[in-house]
Structures are given as C-alpha cells and as structure tokens.
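Worksheet: the structure to be examined is printed underneath.
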Amino acid sequence: MSGFDTFLEKLFKIKAQGSSVKAEVIGGATTFLTMAYIIFINPSILALTGMDYGAVFVATCLAAGIGCLIMGVWANYPVALAPGMGLNAMFTHSVVIGMGYTWQVALGAVFFSGIIFFVLSAFKVRAWIINSIPPTLRLAIAAGIGAFLALIGLQNAGIIVGHDQTLVTLGDMTSLSVVLASLGFFLIIGLVARQIQGAALLSILFITFLGWLFGDVAYTGIVSAPPSLAPTFMQLDIAGAFNVAMLSVIFAFLFVDLFDTSGTLMAVAQRAGITDKNGKLPRLERALMADSTASVAGSMLGTSTTTSYIESASGVASGGKTGLTAVVVGLLFVLAIFFAPLAKMVPNYATAGAIIYVSVLMLFTLKSVNWDDITEAAPVAVVLLMTPLTYSIADGIALGFISFVMIKALGGRYHELNWSVVILAALFVAKFIWLG
C-alpha cells in the first residue's frame with residue numbers, strides 16, 4: 001500500500017467500510033452527475049433577484065465544494081451538499097420578490113439560519129426540535145415546497161402565465177420554450193425510468209443544444225477563467241436581517257434545512273450501511289455542523305442555503321460508502337467553475353424540466369400521509385395549496401402550523417398537540433396580526 005493510500009485509509013476508513021478507492025471515486029462521480037443540474041438552475045433562479053449571474057455561479061460551485069469537503073473529511077459521510085432546491089426558490093420568490101427585501105438582506109437571513117443550525121447541532125438539541133414537530137407537518141412542508149417548485153418550473157417554461165381575470169392561465173403551447181421545456185421534462189423521466197445516471201444534467205444540456213440549433217441560444221464557449229465573485233462576495237446585510245419581521249424567514253430557512261438534512265442523512269447512511277446496531281447515525285452532530293457551516297460560508301460567498309442532497313444515494317448505490325465520495329464530489333464542483341460560459345448559455349426553459357422533475361420527487365412524501373384521518377389530511381392540504389398560491393414557503397409553513405393546531409383542538413384531538421407546536425402556531429398568528 002502506497003503512502004497516499006495509507007493516508008486515505010487512515011482518514012476515511014475505506015477498507016473498514018468494505019469499500020475501495022476506485023469505488024469511492026466512481027460513487028463521487030455518479031453523485032456529481034445526478035446533482036450537477038444545480039450549477040445551472042441556482043444562478044438562473046437567484047439572478048431574478050438582481051444578483052450577478054456569474055458570481056452566483058461561482059458561489060454555487062464553491063459553496064457546494066466547501067460543504068462536500070467538510071462533510072467528507074470531518075464527518076466521513078458519503079453525502080454531498082449544494083445550494084438547495086426549494087430554499088433557493090424561497091430566497092428569490094418569497095423573500096426578495098414576494099416580501100420586497102433586498103438579496104443582501106436575504107443572504108443575511110441565510111447566515112443567521114446557518115449560525116442557529118450550527119448551535120443547535122453543537123448542543124445536540126436537534127432531536128428535540130425534530131421530535132416536537134409532528135411528522136404530518138414535516139411531510140406537508142416537503143410537499144408544499146414541491147408544489148411551489150412545480151409552479152416556478154411551469155412559469156419558467158411559459159406553460160403557466162399570468163392572467164388579469166383568473167390570475168393564471170395556460171400559455172402558448174406551441175411556443176419554442178413550452179415545447180422544449182416539456183421535452184426536457186419527459187426526457188428526464190424517461191432517462192430516470194431507464195436508470196441512466198445524470199438524467200437532469202443530460203436533459204439540460206440537450207435542450208440547450210436544441211435551443212442553439214433553433215437559433216434561440218447564442219454560443220459563447222464552454223470553458224473560460226471563472227467569473228468574478230466580487231459582486232456577491234461578503235455582500236450579505238446582517239444588520240438588515242436582524243429584525244423581528246425577518247424571524248419567520250430565518251425560521252423557515254432553518255427548519256426546511258433541518259428537516260431536509262436529517263431525512264437525507266438518515267436515508268443515505270442506512271443505504272451505505274454506516275448506522276450502528278440500533279439504527280443510529282455515528283458522528284451525526286459533525287454531519288449536521290458540516291451542513292450548517294456550508295450554509296454560513298455560502299451566504300458569505302453569495303448563494304442561498306446549502307443543504308444535503310438526497311441524490312447522494314445514487315453515489316452510494318454505485319459503491320461509495322465513506323467521506324471520500326463526498327470529497328470527490330466537492331472537487332468536481334470546484335472544477336466546474338471553469339465552465340461558466342456553458343452555464344450562461346442555458347436558457348430558463350432548459351432548466352424548467354429539471355425543476356418540475358425535482359418537484360415530483362418532493363411530492364412523493366404525500367404517499368406517507370394518513371389520508372383516512374381528516375385531522376391529518378387537512379393541514380397537509382393547507383400547506384400543499386397555500387405554499388404555491390401565496391407564492392411563499394414561509395407563509396405556507398405558518399398556515400400549516402396554525403391549521404394543524406386549530407384542527408386538532410376543534411376535533412377533540414388536543415392531546416396530540418405539544419407545547420412547542422402550539423407556541424409556534426401562536427407566534428405565526430402574532431406575526432400575521434402585527435407584521436402582515
């Protein structure tokens with residue numbers, strides 16, 4: 001065994017996990033391909049706030065790279081991180097466009113949520129928080145974000161457009177953007193059904209190529225020096241985010257990331273076989289702190305909340321079992337900063353299909369809802385409907401908590417409530433009364 005192999009074995013315990021360096025590299029490459037779509041989608045979403053596209057592209061790659069490296073080296077988990085889908089939509093469409101805050105203030109909120117997440121992880125109160133939130137609401141939040149993403153993807157494609165009388169209506173189904181976006185979505189589903197890795201990425205590149213063939217996309221090159229990070233680097237407004245009106249936003253960033261990360265870590269760790277005999281996760285606090293540290297770093301670089309990706313399961317299925325898998329993903333994200341010209345060529349309709357595909361995955365959580373119990377089903381329906389219709393993930397979560405408490409209490413099921421949920425619902429009511 002060479003000195004480098006010995007170093008890797010000591011750092012990642014590769015053989016102890018029944019893996020090999022080759023398997024870890026293949027696993028990392030597989031994970032990267034399945035989640036690389038984010039380097040095209042995240043800048044296109046955040047650019048709607050007025051942020052510089054090139055700077056966000058670099059921030060996305062670097063935040064993902066930093067998060068993956070910390071997760072791999074410190075926590076030794078085969079879990080990759082990147083700016084989260086849903087969280088970037090909330091950042092842009094809810095906080096900036098919907099609530100009227102600047103993107104600098106929104107970055108400040110991401111910073112605070114990351115700091116709070118880190119503290120909660122360090123003091124091991126994560127379990128108490130998650131256990132105090134009813135499983136029904138956790139399922140509802142994921143499904144509500146999925147519905148919100150679907151609306152955004154349909155808008156980007158031009159399939160759904162605004163209407164003076166009906167608010168929304170069907171767009172021109174014969175337009176190039178609608179046809180190509182629809183083709184992109186169908187292509188992803190077809191590739192996934194055939195178990196082809198990197199389906200979303202392949203679809204985005206293929207639809208961009210078709211856009212170029214039809215003269216709708218201008219060729220600007222593939223590889224170049226990375227764009228400047230200066231327009232977004234350290235531009236977060238911490239003072240602006242430090243006010244009462246932003247508490248619900250910080251809370252929403254925090255809890256969506258908390259639930260997403262916890263669920264992802266559990267699912268990927270079980271598949272990788274790294275849970276102990278009681279099903280518990282070793283080094284869990286390290287993994288959670290890696291996630292929160294990446295969010296803080298991302299806010300400084302200029303991107304929305306960084307979180308763990310369930311796509312990591314694809315790398316585990318390909319053989320990755322240790323942190324080396326995450327390190328490989330991180331290095332590939334860093335290398336991706338040299339492909340900025342390609343990213344800038346990608347039109348919104350090319351990423352629309354991928355966004356809708358992600359929404360489908362998030363809507364899968366609805367299968368676990370107890371639809372036979374009206375006191376469980378109704379709050380889920382409230383979150384599922386109100387998140388896209390209010391165009392706000394934060395408001396969807398707030399209305400979900402309020403409706404859950406009211407329905408359980410009026411239905412004589414108040415014994416199923418705990419004080420933390422009641423207090424949070426009361427705070428949301430107060431927020432609507434005094435802050436709008």
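We label chains A, B, ... in the order they appear in the structure tokens, count residues from 1 in each chain, and number ligands from 1 in the order shown.
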
For the structure I just gave you, how does DSSP split stretch 151-300 of chain A - specifically, which residues are alpha helix (DSSP H)? Reply as a PyMOL selection string. chain A and resi 151-157+176-193+199-213+238-241+247-272+284-300

Close residues, A:Ile145 itself excluded, 7 Å, only C-alpha atoms, min 6 positions apart in chain, as a ChimeraX atom specification: /A:86,387,393

Wanna dump the stretch 313-375 of chain A-stretch 16-25 of chain A contacts at 10 Å for me, each residue with its shortest atom pair and the distance in Å to one decimal, counting only C-alpha atoms, ordered by chain and number, as a Markdown table?
| residue | atom | partner | partner_atom | distance |
| --- | --- | --- | --- | --- |
| A:Gly315 | CA | A:Glu24 | CA | 8.3 |
| A:Val316 | CA | A:Glu24 | CA | 8.6 |
| A:Ser318 | CA | A:Ala23 | CA | 7.3 |
| A:Gly319 | CA | A:Ala23 | CA | 5.0 |
| A:Gly320 | CA | A:Glu24 | CA | 4.4 |
| A:Lys321 | CA | A:Ser19 | CA | 6.6 |
| A:Thr322 | CA | A:Glu24 | CA | 7.2 |
| A:Gly323 | CA | A:Glu24 | CA | 8.4 |
| A:Leu324 | CA | A:Glu24 | CA | 6.0 |
| A:Thr325 | CA | A:Glu24 | CA | 4.9 |
| A:Ala326 | CA | A:Glu24 | CA | 8.7 |
| A:Val327 | CA | A:Val25 | CA | 9.0 |
| A:Val328 | CA | A:Val25 | CA | 6.2 |
| A:Val329 | CA | A:Val25 | CA | 8.7 |

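We find atom CA of A:Leu331 and atom CA of A:Ala82 to be spaced 12.6 Å apart.
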
Need to verify the contact set: A:Val161, 8 Å, only C-alpha atoms, exclusion of same-chain residues closer than 3 positions in sequence. Can you return it as a PyMOL selection string? chain A and resi 155+158+168-171

Would you output that residue set with N, CA and C atoms, as a tab-separated table (two decimals), in the first residue's frame?
chain	number	residue	atom	x	y	z
A	155	GLN	N	-43.85	28.26	-14.80
A	155	GLN	CA	-43.71	29.67	-15.19
A	155	GLN	C	-42.48	29.87	-16.07
A	158	GLY	N	-43.09	28.85	-19.49
A	158	GLY	CA	-44.13	29.56	-20.22
A	158	GLY	C	-45.41	28.74	-20.35
A	168	VAL	N	-53.93	33.07	-13.25
A	168	VAL	CA	-53.05	32.28	-14.11
A	168	VAL	C	-53.86	31.59	-15.19
A	169	THR	N	-53.19	31.25	-16.27
A	169	THR	CA	-53.84	30.51	-17.35
A	169	THR	C	-52.78	29.76	-18.14
A	170	LEU	N	-53.23	28.96	-19.08
A	170	LEU	CA	-52.30	28.19	-19.90
A	170	LEU	C	-51.63	29.09	-20.93
A	171	GLY	N	-50.32	28.91	-21.09
A	171	GLY	CA	-49.58	29.71	-22.05
A	171	GLY	C	-49.72	29.17	-23.46

Which one is closest to A:Ser304: A:Ser262, A:Thr49, A:Asn370, A:Asn418? Count only C-alpha atoms.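 Residue with the minimum atom-to-atom distance to A:Ser304: A:Thr49.
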
I need the strand (DSSP E) residues of stretch 30-163 of chain A per DSSP on the backbone, written as a list in words. Leu81, Ala82, Pro83, Ile160, Val161, Gly162 and His163 of chain A
